[in-house]
file my_file-v5.txt (compact mmCIF, C-alpha atoms)
# COMPACT_ATOMS: atom_id res chain seq x y z
CA MET Y 970 -18.70 -53.36 -5.31
CA ASN Y 971 -21.91 -51.84 -3.94
CA ALA Y 972 -24.64 -50.20 -6.03
CA ARG Y 973 -23.35 -46.68 -5.50
CA GLN Y 974 -19.80 -47.59 -6.54
CA PHE Y 975 -21.22 -49.28 -9.62
CA VAL Y 976 -23.05 -46.12 -10.65
CA ILE Y 977 -20.04 -43.87 -10.05
CA GLN Y 978 -17.63 -46.07 -12.00
CA ASN Y 979 -19.84 -46.67 -15.05
CA ASP Y 980 -20.14 -43.51 -17.09
CA TRP Y 981 -22.25 -45.26 -19.74
CA LEU Y 982 -25.19 -45.46 -17.36
CA PRO Y 983 -26.47 -41.89 -17.95
CA HIS Y 984 -26.63 -42.63 -21.68
CA MET Y 985 -28.61 -45.82 -21.08
CA ILE Y 986 -31.05 -43.94 -18.89
CA GLN Y 987 -31.31 -41.15 -21.48
CA ARG Y 988 -32.24 -43.78 -24.05
CA TYR Y 989 -34.71 -45.89 -22.10
CA VAL Y 990 -36.39 -43.58 -19.54
CA PRO Y 991 -39.56 -41.98 -21.02
CA ALA Y 992 -38.83 -38.64 -22.66
CA ARG Y 993 -41.50 -36.87 -20.64
CA PHE Y 994 -39.09 -36.90 -17.70
CA GLU Y 995 -36.67 -34.01 -17.94
CA GLN Y 996 -32.93 -34.67 -17.89
CA PRO Y 997 -32.88 -38.38 -17.05
CA ALA Y 998 -29.18 -38.14 -16.19
CA MET Y 999 -30.37 -36.52 -12.96
CA ILE Y 1000 -31.33 -40.00 -11.85
CA VAL Y 1001 -27.67 -40.92 -11.98
CA ARG Y 1002 -26.79 -37.76 -10.08
CA LEU Y 1003 -29.17 -38.83 -7.36
CA LEU Y 1004 -27.63 -42.28 -7.26
CA ARG Y 1005 -24.23 -40.69 -6.80
CA LYS Y 1006 -25.60 -38.50 -4.02
CA GLY Y 1007 -27.09 -41.27 -1.93
CA PHE Y 1008 -30.08 -42.35 -3.94
CA CYS Y 1009 -29.00 -45.98 -3.55
CA ARG Y 1010 -30.86 -46.12 -0.26
CA PRO Y 1011 -33.80 -48.53 -0.53
CA GLU Y 1012 -36.29 -45.76 0.35
CA ALA Y 1013 -35.00 -43.72 -2.57
CA TRP Y 1014 -35.03 -46.55 -5.09
CA SER Y 1015 -38.68 -47.32 -4.46
CA ILE Y 1016 -39.71 -43.67 -4.86
CA MET Y 1017 -37.68 -43.23 -8.02
CA VAL Y 1018 -39.22 -46.30 -9.62
CA ARG Y 1019 -42.72 -45.30 -8.53
CA ASP Y 1020 -42.30 -41.81 -9.98
CA ALA Y 1021 -40.84 -43.15 -13.22
CA LEU Y 1022 -43.85 -45.42 -13.63
CA GLY Y 1023 -46.31 -42.63 -12.83
CA SER Y 1024 -47.64 -44.36 -9.74
CA ARG Y 1025 -49.60 -42.28 -7.24
CA GLY Y 1026 -51.41 -42.99 -4.00
CA PRO Y 1027 -54.99 -42.64 -2.76
CA VAL Y 1028 -56.58 -39.24 -2.26
CA LEU Y 1029 -58.07 -39.01 1.23
CA GLU Y 1030 -60.04 -36.44 3.22
CA ASN Y 1031 -58.32 -33.15 3.90
CA ASP Y 1032 -58.06 -33.77 7.63
CA ILE Y 1033 -56.02 -36.95 7.10
CA HIS Y 1034 -53.57 -35.23 4.76
CA LEU Y 1035 -53.34 -32.29 7.17
CA ARG Y 1036 -52.67 -34.53 10.14
CA GLU Y 1037 -49.90 -36.39 8.34
CA ALA Y 1038 -48.25 -33.19 7.08
CA ALA Y 1039 -48.35 -31.62 10.55
CA ALA Y 1040 -46.92 -34.75 12.13
CA TRP Y 1041 -44.07 -34.76 9.60
CA ILE Y 1042 -43.25 -31.10 10.35
CA LEU Y 1043 -43.12 -31.89 14.07
CA ARG Y 1044 -40.75 -34.78 13.34
CA ALA Y 1045 -38.65 -32.35 11.32
CA GLN Y 1046 -38.56 -30.11 14.39
CA GLU Y 1047 -37.38 -33.02 16.52
CA ALA Y 1048 -34.70 -33.76 13.93
CA GLY Y 1049 -33.45 -30.18 14.18
CA LEU Y 1050 -32.49 -30.82 17.83
CA ASP Y 1051 -32.68 -27.13 18.77
CA GLY Y 1052 -36.37 -26.15 18.60
CA GLY Y 1053 -36.22 -25.00 14.99
CA VAL Y 1054 -37.54 -27.03 12.08
CA SER Y 1055 -35.12 -29.04 9.97
CA GLY Y 1056 -34.98 -27.70 6.43
CA GLY Y 1057 -36.20 -31.09 5.30
CA TYR Y 1058 -35.13 -34.61 4.55
CA CYS Y 1059 -32.60 -35.22 1.78
CA PHE Y 1060 -31.49 -38.57 0.39
CA GLU Y 1061 -27.89 -37.34 0.31
CA ASP Y 1062 -27.55 -35.75 3.75
CA GLY Y 1063 -30.49 -37.09 5.75
CA TRP Y 1064 -32.20 -34.49 7.93
CA ILE Y 1065 -30.97 -30.99 7.08
CA ALA Y 1066 -30.07 -28.46 9.80
CA SER Y 1067 -32.78 -26.15 11.17
CA TYR Y 1068 -33.87 -23.36 8.85
CA PRO Y 1069 -34.88 -20.05 10.48
CA GLU Y 1070 -36.64 -18.58 7.42
CA THR Y 1071 -39.08 -21.40 6.86
CA THR Y 1072 -39.48 -22.08 10.57
CA GLY Y 1073 -40.76 -18.51 10.70
CA TYR Y 1074 -43.58 -18.93 8.25
CA ILE Y 1075 -44.38 -22.46 9.40
CA ILE Y 1076 -45.44 -21.05 12.80
CA PRO Y 1077 -48.71 -19.42 11.63
CA THR Y 1078 -49.55 -22.54 9.62
CA LEU Y 1079 -49.18 -24.78 12.68
CA LEU Y 1080 -51.12 -22.34 14.86
CA GLY Y 1081 -53.91 -22.37 12.31
CA TYR Y 1082 -53.84 -26.15 12.20
CA ALA Y 1083 -53.89 -26.32 16.01
CA ASP Y 1084 -57.15 -24.33 15.95
CA TYR Y 1085 -58.57 -26.51 13.19
CA ALA Y 1086 -57.71 -29.80 14.91
CA GLY Y 1087 -58.10 -28.66 18.51
CA ASP Y 1088 -54.51 -29.70 19.08
CA PRO Y 1089 -52.75 -27.95 22.00
CA VAL Y 1090 -49.54 -29.93 21.45
CA THR Y 1091 -49.07 -28.49 17.96
CA ARG Y 1092 -49.74 -25.02 19.37
CA GLU Y 1093 -47.03 -25.42 22.00
CA ARG Y 1094 -44.57 -26.81 19.48
CA ALA Y 1095 -45.18 -23.81 17.21
CA LEU Y 1096 -44.44 -21.47 20.11
CA GLN Y 1097 -41.22 -23.41 20.80
CA MET Y 1098 -40.23 -22.55 17.25
CA ALA Y 1099 -40.91 -18.88 17.88
CA ASN Y 1100 -38.80 -18.92 21.04
CA TRP Y 1101 -35.97 -20.55 19.12
CA LEU Y 1102 -36.10 -17.81 16.49
CA LEU Y 1103 -35.47 -15.15 19.14
CA GLY Y 1104 -32.04 -16.66 19.66
CA CYS Y 1105 -31.26 -16.57 15.93
CA GLN Y 1106 -31.71 -12.81 15.56
CA LEU Y 1107 -28.61 -10.75 14.82
CA ASP Y 1108 -27.65 -7.64 16.80
CA ASN Y 1109 -28.82 -5.36 13.97
CA GLY Y 1110 -32.32 -6.89 14.04
CA ALA Y 1111 -31.92 -8.98 10.88
CA PHE Y 1112 -31.99 -12.74 10.58
CA PRO Y 1113 -29.35 -14.76 8.75
CA GLY Y 1114 -29.97 -16.63 5.54
CA HIS Y 1115 -29.85 -20.40 5.07
CA PHE Y 1116 -29.35 -23.09 7.69
CA VAL Y 1117 -27.94 -22.84 11.20
CA ASP Y 1118 -25.09 -25.29 10.66
CA ARG Y 1119 -22.99 -22.50 9.15
CA THR Y 1120 -22.45 -18.77 9.58
CA ASN Y 1121 -24.55 -16.75 7.15
CA PRO Y 1122 -24.96 -13.02 6.48
CA PRO Y 1123 -28.29 -11.27 7.07
CA CYS Y 1124 -30.90 -11.81 4.37
CA VAL Y 1125 -33.86 -9.58 3.45
CA PHE Y 1126 -36.28 -12.28 2.34
CA ASN Y 1127 -35.54 -14.59 5.25
CA THR Y 1128 -36.00 -11.75 7.71
CA GLY Y 1129 -39.37 -10.88 6.20
CA GLN Y 1130 -40.65 -14.44 6.44
CA ILE Y 1131 -39.63 -14.75 10.08
CA ILE Y 1132 -41.70 -11.66 10.89
CA PHE Y 1133 -44.80 -13.71 10.03
CA GLY Y 1134 -43.96 -16.26 12.72
CA LEU Y 1135 -43.05 -13.71 15.36
CA LEU Y 1136 -46.23 -11.74 14.73
CA ALA Y 1137 -48.38 -14.88 14.88
CA ALA Y 1138 -46.74 -15.91 18.16
CA TYR Y 1139 -47.39 -12.44 19.58
CA LYS Y 1140 -51.05 -12.54 18.59
CA VAL Y 1141 -51.50 -15.93 20.29
CA THR Y 1142 -49.55 -15.24 23.47
CA GLY Y 1143 -49.61 -11.46 23.86
CA SER Y 1144 -45.91 -11.66 24.71
CA THR Y 1145 -44.16 -8.46 23.67
CA MET Y 1146 -40.82 -10.21 23.25
CA PHE Y 1147 -42.10 -11.60 19.94
CA LEU Y 1148 -43.47 -8.24 18.85
CA ASP Y 1149 -40.27 -6.43 19.83
CA SER Y 1150 -38.21 -8.90 17.81
CA ALA Y 1151 -40.47 -8.43 14.78
CA VAL Y 1152 -40.21 -4.63 15.07
CA GLN Y 1153 -36.42 -4.81 15.21
CA ALA Y 1154 -36.39 -7.02 12.13
CA ALA Y 1155 -38.70 -4.69 10.25
CA ALA Y 1156 -36.62 -1.64 11.20
CA TRP Y 1157 -33.58 -3.32 9.65
CA LEU Y 1158 -35.53 -4.00 6.46
CA ILE Y 1159 -36.50 -0.34 6.16
CA GLU Y 1160 -32.90 0.67 6.81
CA VAL Y 1161 -31.53 -1.41 3.91
CA GLN Y 1162 -34.38 -0.68 1.46
CA ASP Y 1163 -33.53 1.45 -1.58
CA CYS Y 1164 -35.33 4.73 -2.25
CA ASP Y 1165 -37.36 3.26 -5.13
CA GLY Y 1166 -38.68 0.49 -2.88
CA ALA Y 1167 -36.48 -2.36 -4.12
CA PHE Y 1168 -34.23 -4.47 -1.91
CA ARG Y 1169 -30.90 -4.64 -3.72
CA LYS Y 1170 -28.66 -5.33 -0.75
CA PHE Y 1171 -28.53 -8.34 1.58
CA ASP Y 1172 -30.72 -10.66 -0.46
CA TYR Y 1173 -30.16 -14.14 -1.91
CA LEU Y 1174 -27.21 -14.31 -4.35
CA GLY Y 1175 -26.86 -10.54 -4.12
CA GLU Y 1176 -29.72 -10.09 -6.61
CA VAL Y 1177 -32.86 -7.97 -6.59
CA HIS Y 1178 -36.08 -10.03 -6.42
CA SER Y 1179 -39.73 -9.31 -7.17
CA TYR Y 1180 -40.69 -12.10 -4.81
CA ASN Y 1181 -39.86 -9.80 -1.91
CA SER Y 1182 -43.49 -8.77 -2.32
CA ARG Y 1183 -43.89 -11.38 0.42
CA THR Y 1184 -41.46 -9.40 2.56
CA ALA Y 1185 -43.54 -6.29 1.89
CA TRP Y 1186 -46.63 -8.22 2.97
CA ALA Y 1187 -44.91 -9.09 6.26
CA LEU Y 1188 -44.09 -5.41 6.79
CA LEU Y 1189 -47.71 -4.55 6.06
CA GLU Y 1190 -49.05 -7.08 8.56
CA LEU Y 1191 -46.73 -5.71 11.23
CA ALA Y 1192 -47.70 -2.12 10.40
CA LEU Y 1193 -51.38 -2.97 10.83
CA ALA Y 1194 -50.62 -4.51 14.23
CA THR Y 1195 -48.56 -1.55 15.48
CA ASP Y 1196 -48.27 2.20 15.15
CA HIS Y 1197 -45.19 2.06 12.92
CA LYS Y 1198 -46.23 3.99 9.81
CA GLU Y 1199 -42.76 3.62 8.31
CA PHE Y 1200 -43.39 -0.11 7.90
CA LEU Y 1201 -46.54 0.58 5.89
CA GLN Y 1202 -44.66 3.12 3.77
CA GLY Y 1203 -41.82 0.68 3.15
CA ALA Y 1204 -44.28 -2.07 2.23
CA THR Y 1205 -46.16 0.04 -0.31
CA ARG Y 1206 -42.91 1.39 -1.81
CA HIS Y 1207 -41.81 -2.14 -2.50
CA LEU Y 1208 -45.21 -3.31 -3.74
CA ASP Y 1209 -45.28 -0.37 -6.16
CA TRP Y 1210 -41.82 -1.36 -7.40
CA VAL Y 1211 -42.93 -4.98 -7.92
CA ALA Y 1212 -46.09 -3.94 -9.75
CA ASN Y 1213 -43.93 -1.85 -12.08
CA GLN Y 1214 -41.92 -4.96 -12.99
CA GLN Y 1215 -44.99 -6.66 -14.47
CA LEU Y 1216 -45.31 -7.08 -18.22
CA LYS Y 1217 -48.64 -6.76 -20.00
CA ASN Y 1218 -49.02 -10.54 -20.08
CA GLY Y 1219 -48.72 -10.76 -16.29
CA TRP Y 1220 -45.07 -11.81 -16.18
CA PHE Y 1221 -42.81 -10.33 -13.49
CA ARG Y 1222 -39.21 -9.33 -14.11
CA TYR Y 1223 -36.75 -10.42 -11.39
CA SER Y 1224 -39.01 -13.22 -10.20
CA ALA Y 1225 -36.26 -15.86 -10.49
CA PHE Y 1226 -33.47 -16.53 -8.04
CA SER Y 1227 -31.00 -15.13 -10.59
CA PRO Y 1228 -31.42 -13.29 -13.94
CA GLU Y 1229 -30.04 -16.10 -16.11
CA GLN Y 1230 -32.65 -18.59 -14.88
CA ASP Y 1231 -36.28 -19.11 -15.75
CA PRO Y 1232 -38.14 -18.73 -12.46
CA PHE Y 1233 -39.53 -21.68 -10.61
CA LEU Y 1234 -43.26 -21.69 -9.97
CA HIS Y 1235 -42.21 -21.37 -6.32
CA THR Y 1236 -40.79 -17.86 -6.71
CA ILE Y 1237 -43.50 -16.77 -9.14
CA ALA Y 1238 -46.06 -17.78 -6.53
CA TYR Y 1239 -44.19 -15.90 -3.81
CA THR Y 1240 -44.45 -12.76 -5.96
CA VAL Y 1241 -48.12 -13.29 -6.69
CA GLN Y 1242 -49.11 -14.07 -3.11
CA GLY Y 1243 -47.34 -11.04 -1.68
CA LEU Y 1244 -49.19 -8.73 -4.07
CA LEU Y 1245 -52.54 -10.47 -3.69
CA GLU Y 1246 -52.60 -10.60 0.09
CA SER Y 1247 -51.29 -7.05 0.43
CA GLY Y 1248 -53.90 -5.85 -2.03
CA LEU Y 1249 -56.66 -7.59 -0.08
CA ARG Y 1250 -55.44 -6.21 3.24
CA LEU Y 1251 -55.19 -2.67 1.90
CA GLY Y 1252 -58.19 -2.78 -0.42
CA ASP Y 1253 -55.80 -1.80 -3.22
CA LYS Y 1254 -57.17 -2.98 -6.57
CA ARG Y 1255 -53.89 -2.35 -8.40
CA TYR Y 1256 -52.04 -4.98 -6.41
CA GLN Y 1257 -54.96 -7.41 -6.62
CA LYS Y 1258 -55.24 -7.02 -10.39
CA ALA Y 1259 -51.50 -7.52 -10.85
CA ALA Y 1260 -51.68 -10.78 -8.93
CA GLN Y 1261 -54.84 -11.87 -10.73
CA LEU Y 1262 -53.26 -11.30 -14.14
CA ALA Y 1263 -50.47 -13.74 -13.32
CA CYS Y 1264 -52.92 -16.20 -11.75
CA ASP Y 1265 -55.02 -16.14 -14.91
CA ALA Y 1266 -51.97 -16.92 -17.03
CA LEU Y 1267 -51.01 -19.89 -14.84
CA VAL Y 1268 -54.39 -21.51 -14.20
CA GLY Y 1269 -54.52 -22.57 -17.85
CA HIS Y 1270 -51.37 -24.65 -17.31
CA VAL Y 1271 -53.01 -26.97 -14.76
CA SER Y 1272 -53.52 -30.31 -16.47
CA ASP Y 1273 -56.65 -32.39 -15.93
CA ALA Y 1274 -54.60 -34.47 -13.48
CA GLY Y 1275 -53.40 -31.35 -11.60
CA PHE Y 1276 -49.82 -31.29 -12.90
CA ILE Y 1277 -48.20 -27.86 -13.39
CA PRO Y 1278 -44.78 -27.43 -15.04
CA SER Y 1279 -41.99 -26.22 -12.78
CA THR Y 1280 -40.55 -23.30 -14.77
CA PHE Y 1281 -41.81 -20.76 -17.31
CA ASP Y 1282 -40.28 -18.22 -19.65
CA SER Y 1283 -41.46 -14.63 -20.02
CA ASP Y 1284 -44.16 -15.67 -22.52
CA TRP Y 1285 -45.54 -18.16 -19.98
CA ARG Y 1286 -44.23 -21.09 -22.00
CA PRO Y 1287 -43.27 -24.07 -19.81
CA THR Y 1288 -39.54 -24.75 -19.84
CA SER Y 1289 -39.54 -28.00 -17.84
CA ASN Y 1290 -41.25 -31.37 -17.81
CA TYR Y 1291 -41.41 -31.90 -14.07
CA SER Y 1292 -43.43 -30.18 -11.36
CA CYS Y 1293 -42.28 -27.98 -8.47
CA LEU Y 1294 -44.73 -29.19 -5.82
CA THR Y 1295 -44.07 -26.28 -3.46
CA GLY Y 1296 -45.07 -23.83 -6.16
CA SER Y 1297 -48.13 -25.91 -7.01
CA ALA Y 1298 -49.33 -25.72 -3.40
CA GLN Y 1299 -48.66 -21.97 -3.30
CA MET Y 1300 -50.64 -21.37 -6.48
CA ALA Y 1301 -53.51 -23.44 -5.10
CA VAL Y 1302 -53.59 -21.01 -2.17
CA CYS Y 1303 -53.65 -18.00 -4.50
CA TRP Y 1304 -56.43 -19.44 -6.66
CA LEU Y 1305 -58.51 -20.30 -3.62
CA ARG Y 1306 -58.08 -16.76 -2.30
CA LEU Y 1307 -59.18 -15.36 -5.66
CA PHE Y 1308 -62.18 -17.67 -5.64
CA GLN Y 1309 -63.14 -16.29 -2.23
CA THR Y 1310 -63.12 -12.75 -3.62
CA THR Y 1311 -64.44 -13.29 -7.17
CA GLN Y 1312 -66.44 -16.56 -7.03
CA HIS Y 1313 -64.98 -17.44 -10.45
CA ALA Y 1314 -65.24 -21.21 -10.78
CA ALA Y 1315 -62.01 -21.53 -12.82
CA TYR Y 1316 -59.94 -20.62 -9.75
CA LEU Y 1317 -61.64 -23.19 -7.54
CA GLU Y 1318 -61.38 -25.89 -10.21
CA GLY Y 1319 -57.69 -25.19 -10.86
CA ALA Y 1320 -56.91 -25.22 -7.14
CA GLN Y 1321 -58.79 -28.42 -6.47
CA ARG Y 1322 -57.19 -30.26 -9.40
CA THR Y 1323 -53.82 -29.15 -8.07
CA LEU Y 1324 -54.66 -30.27 -4.54
CA HIS Y 1325 -55.88 -33.64 -5.79
CA PHE Y 1326 -52.51 -34.13 -7.51
CA LEU Y 1327 -50.57 -33.10 -4.42
CA LYS Y 1328 -52.60 -35.34 -2.13
CA SER Y 1329 -51.96 -38.29 -4.43
CA LEU Y 1330 -48.22 -37.72 -4.00
CA GLN Y 1331 -48.22 -37.49 -0.20
CA ASP Y 1332 -47.47 -40.91 1.25
CA CYS Y 1333 -49.71 -41.33 4.29
CA TRP Y 1334 -49.15 -45.07 4.64
CA THR Y 1335 -45.41 -45.73 4.66
CA ARG Y 1336 -43.77 -46.75 7.93
CA ASN Y 1337 -40.79 -44.57 7.06
CA PRO Y 1338 -41.10 -41.55 9.41
CA ARG Y 1339 -38.68 -39.48 7.31
CA ILE Y 1340 -41.06 -39.50 4.37
CA ARG Y 1341 -44.54 -40.17 5.70
CA GLY Y 1342 -46.67 -37.05 5.36
CA ALA Y 1343 -43.95 -35.05 3.57
CA ILE Y 1344 -44.14 -33.39 0.15
CA LYS Y 1345 -41.31 -33.73 -2.36
CA GLY Y 1346 -39.51 -30.76 -3.85
CA SER Y 1347 -40.04 -32.08 -7.38
CA HIS Y 1348 -42.21 -34.63 -9.06
CA PRO Y 1349 -40.67 -36.83 -10.33
CA ILE Y 1350 -38.29 -36.72 -7.39
CA TYR Y 1351 -35.33 -36.35 -9.74
CA GLY Y 1352 -36.63 -33.03 -11.11
CA ARG Y 1353 -34.29 -30.05 -10.83
CA TYR Y 1354 -36.07 -28.25 -7.96
CA LEU Y 1355 -34.50 -29.67 -4.78
CA PHE Y 1356 -34.18 -33.10 -6.33
CA GLY Y 1357 -34.06 -35.95 -3.88
CA THR Y 1358 -35.38 -33.70 -1.09
CA TYR Y 1359 -38.55 -33.24 0.97
CA PRO Y 1360 -38.35 -29.54 2.00
CA ASN Y 1361 -40.29 -28.38 5.04
CA TRP Y 1362 -41.78 -25.44 3.13
CA ALA Y 1363 -43.52 -27.78 0.67
CA ALA Y 1364 -45.44 -29.36 3.56
CA LYS Y 1365 -46.19 -25.90 4.97
CA PHE Y 1366 -47.78 -24.54 1.78
CA PHE Y 1367 -49.61 -27.82 1.23
CA MET Y 1368 -51.18 -27.38 4.68
CA ASP Y 1369 -52.06 -23.76 3.91
CA ALA Y 1370 -53.90 -24.84 0.77
CA LEU Y 1371 -55.77 -27.61 2.57
CA LEU Y 1372 -56.79 -25.32 5.45
CA LEU Y 1373 -58.06 -22.74 3.01
CA ASP Y 1374 -59.92 -25.42 1.06
CA GLU Y 1375 -61.55 -26.51 4.33
CA THR Y 1376 -62.51 -22.91 5.08
CA ILE Y 1377 -64.23 -22.63 1.71
CA ARG Y 1378 -65.84 -26.07 1.98
CA LEU Y 1379 -67.29 -25.49 5.45
CA GLY Y 1380 -67.88 -21.78 5.05
CA SER Y 1381 -67.86 -21.26 8.78
CA HIS Y 1382 -64.37 -20.60 10.06
CA GLN Y 1383 -61.03 -19.13 9.07
CA TRP Y 1384 -58.06 -21.18 10.23
CA ILE Y 1385 -55.43 -19.18 8.41
CA ARG Y 1386 -53.93 -16.50 10.66
CA CYS Y 1387 -51.38 -15.16 8.21
CA TRP Y 1388 -48.71 -16.81 6.15

call {"tool": "encode", "arguments": {"input": "my_file-v5.txt", "output": "structure tokens"}}
result
Amino acid sequence: MNARQFVIQNDWLPHMIQRYVPARFEQPAMIVRLLRKGFCRPEAWSIMVRDALGSRGPVLENDIHLREAAAWILRAQEAGLDGGVSGGYCFEDGWIASYPETTGYIIPTLLGYADYAGDPVTRERALQMANWLLGCQLDNGAFPGHFVDRTNPPCVFNTGQIIFGLLAAYKVTGSTMFLDSAVQAAAWLIEVQDCDGAFRKFDYLGEVHSYNSRTAWALLELALATDHKEFLQGATRHLDWVANQQLKNGWFRYSAFSPEQDPFLHTIAYTVQGLLESGLRLGDKRYQKAAQLACDALVGHVSDAGFIPSTFDSDWRPTSNYSCLTGSAQMAVCWLRLFQTTQHAAYLEGAQRTLHFLKSLQDCWTRNPRIRGAIKGSHPIYGRYLFGTYPNWAAKFFMDALLLDETIRLGSHQWIRCW
């Protein structure tokens, strides 16, 4: 009997783990779930034990962490086998199929990094991703949701995020095929948008989401690069709708994947970033203040070590004992952007504590190419957000935060094109 068979056949094991694993780790039975889903691999055992013991690695200079994250993303592209970026590495399934949505918003990150590092190879690989996306577009201009190993319907959020990549590729190359594709995608978004600005059709799980503020931001960026006023109108309609979903304490209704869930920090940060960046681009104080209100509520939840809980209820009470590292990186970006505009030290301190924590969890030394340079979905790795998985979007937002931190530190250059 191998280790995995032992775990599957012994139902008492979850109870033993519940009893003996420290209580600060949420839902210890998830460890058993991971074992059943392939966590018996040696690489997984070592990470699980390290996380359970609270072990972390050295914190290095930003450029080292950036280089390792970029190299991992390029390996994820190679694993996708088609020019797109694998959705990530999972202990159950190995490398996941290519993911159009996140490939889209990875492109501007890699182009920014290529400028920062003077790396023409990364630039060319980012443009390969953009070319691959052209072949993923549906006849109606939309892009499908989820991964390319299955047939998926068009999705509003995914389409919006891909616009970022197409627009960045156009700005670098001047090739109108990228701009034309982005315009077709945006036209579809306007077509399916409701009169009040919300997107109630063709989005994840068939639900309406405040985090489509990031889709509105993509429409805004495209409107500013073209003469399409309807894209600007659609963007502001949606941003107005999102702002109207905010409670007095800064909380946003519909910021979770589904109404019965507390939102992950990941989707809260999507909502915040879309409003903040759109407000900065338009000079609209209402959007900026809405984003800042939520950022103020969250910065107080950053521990001295940089840990942020993964989920929150509508009173901003944490409802989990693990961290969603993607959301942590996204919030670091938002706080750094607010520091740039306000010079309030609390934003810089919160962002840098968060980045210190994230850097300590990025393994830059392992010889395992599937993990080296990647960022986990959850910490500990058996947390509920993408447990047992290293998603490509976690590495992307980690790079965004580091590039922005470098911009602030050096005060001489802007490596972020758009997200």

call {"tool": "atom_distance", "arguments": {"input": "my_file-v5.txt", "atom1": "atom CA of Y:Thr1280", "atom2": "atom CA of Y:Asp1231"}}
result
6.1 Å

call {"tool": "residues_near_point", "arguments": {"input": "my_file-v5.txt", "point": "(-26.8, -32.5, 11.6)", "cutoff": "12 Å", "atoms": "all atoms listed in the file", "output": "list of chain:residue names"}}
result
Y:Ala1045, Y:Glu1047, Y:Ala1048, Y:Gly1049, Y:Leu1050, Y:Asp1051, Y:Ser1055, Y:Gly1056, Y:Gly1057, Y:Tyr1058, Y:Cys1059, Y:Asp1062, Y:Gly1063, Y:Trp1064, Y:Ile1065, Y:Ala1066, Y:Ser1067, Y:Tyr1068, Y:Phe1116, Y:Val1117, Y:Asp1118, Y:Arg1119

call {"tool": "closest_residue", "arguments": {"input": "my_file-v5.txt", "among": "Y:Asn1290, Y:Ala1320, Y:Asp1253, Y:Ile1033", "to": "Y:Gly1269", "atoms": "only C-alpha atoms"}}
result
Y:Ala1320

call {"tool": "residues_around", "arguments": {"input": "my_file-v5.txt", "residues": "Y:Glu1030", "least_positions_apart": "3", "cutoff": "12 Å", "atoms": "only C-alpha atoms", "output": "mmCIF file with C-alpha atoms, keeping the file's coordinate frame"}}
result
data_model
loop_
_atom_site.group_PDB
_atom_site.id
_atom_site.type_symbol
_atom_site.label_atom_id
_atom_site.label_comp_id
_atom_site.auth_asym_id
_atom_site.auth_seq_id
_atom_site.Cartn_x
_atom_site.Cartn_y
_atom_site.Cartn_z
ATOM 1 C CA PRO Y 1027 -54.990 -42.640 -2.760
ATOM 2 C CA ILE Y 1033 -56.020 -36.950 7.100
ATOM 3 C CA HIS Y 1034 -53.570 -35.230 4.760
ATOM 4 C CA LEU Y 1035 -53.340 -32.290 7.170
ATOM 5 C CA ARG Y 1036 -52.670 -34.530 10.140
ATOM 6 C CA GLU Y 1037 -49.900 -36.390 8.340
ATOM 7 C CA LEU Y 1324 -54.660 -30.270 -4.540
ATOM 8 C CA HIS Y 1325 -55.880 -33.640 -5.790
ATOM 9 C CA LYS Y 1328 -52.600 -35.340 -2.130
ATOM 10 C CA SER Y 1329 -51.960 -38.290 -4.430
ATOM 11 C CA CYS Y 1333 -49.710 -41.330 4.290
ATOM 12 C CA LEU Y 1371 -55.770 -27.610 2.570
ATOM 13 C CA LEU Y 1372 -56.790 -25.320 5.450
ATOM 14 C CA ASP Y 1374 -59.920 -25.420 1.060
ATOM 15 C CA GLU Y 1375 -61.550 -26.510 4.330
ATOM 16 C CA ARG Y 1378 -65.840 -26.070 1.980
#

call {"tool": "residues_around", "arguments": {"input": "my_file-v5.txt", "residues": "stretch 1363-1369 of chain Y", "least_positions_apart": "5", "cutoff": "10 Å", "atoms": "all atoms listed in the file", "output": "ChimeraX atom specification"}}
result
/Y:1031-1032,1034-1039,1041-1042,1057,1071-1072,1074-1079,1081-1082,1235,1293-1302,1324,1327-1328,1331,1342-1347,1374-1375,1384-1385,1387-1388

call {"tool": "atom_distance", "arguments": {"input": "my_file-v5.txt", "atom1": "atom CA of Y:Thr1128", "atom2": "atom CA of Y:Ala1155"}}
result
8.0 Å

call {"tool": "atom_distance", "arguments": {"input": "my_file-v5.txt", "atom1": "atom CA of Y:Glu1190", "atom2": "atom CA of Y:Gln1106"}}
result
19.6 Å

call {"tool": "closest_residue", "arguments": {"input": "my_file-v5.txt", "among": "Y:Phe1221, Y:Trp1186, Y:Tyr1354, Y:Phe1168", "to": "Y:Ser1283", "atoms": "all atoms listed in the file"}}
result
Y:Phe1221

call {"tool": "residues_near_point", "arguments": {"input": "my_file-v5.txt", "point": "(-25.2, -17.6, -12.0)", "cutoff": "12 Å", "atoms": "all atoms listed in the file", "output": "PyMOL selection string"}}
result
chain Y and resi 1173-1176+1225-1231

call {"tool": "closest_residue", "arguments": {"input": "my_file-v5.txt", "among": "Y:Tyr1239, Y:Trp1334, Y:Phe1233, Y:Tyr1316", "to": "Y:Trp1285", "atoms": "only C-alpha atoms"}}
result
Y:Phe1233

call {"tool": "closest_residue", "arguments": {"input": "my_file-v5.txt", "among": "Y:Ser1182, Y:Gln1097, Y:Ser1272, Y:Ser1292", "to": "Y:Arg1353", "atoms": "all atoms listed in the file"}}
result
Y:Ser1292

call {"tool": "residues_around", "arguments": {"input": "my_file-v5.txt", "residues": "Y:Gln1214", "least_positions_apart": "2", "cutoff": "12 Å", "atoms": "all atoms listed in the file", "output": "list in words"}}
result
Gly1166, Ala1167, Val1177, His1178, Ser1179, Tyr1180, Ser1182, His1207, Leu1208, Asp1209, Trp1210, Val1211, Ala1212, Leu1216, Lys1217, Asn1218, Gly1219, Trp1220, Phe1221, Arg1222, Tyr1223, Ser1224, Thr1240, Ala1259 and Ser1283 of chain Y
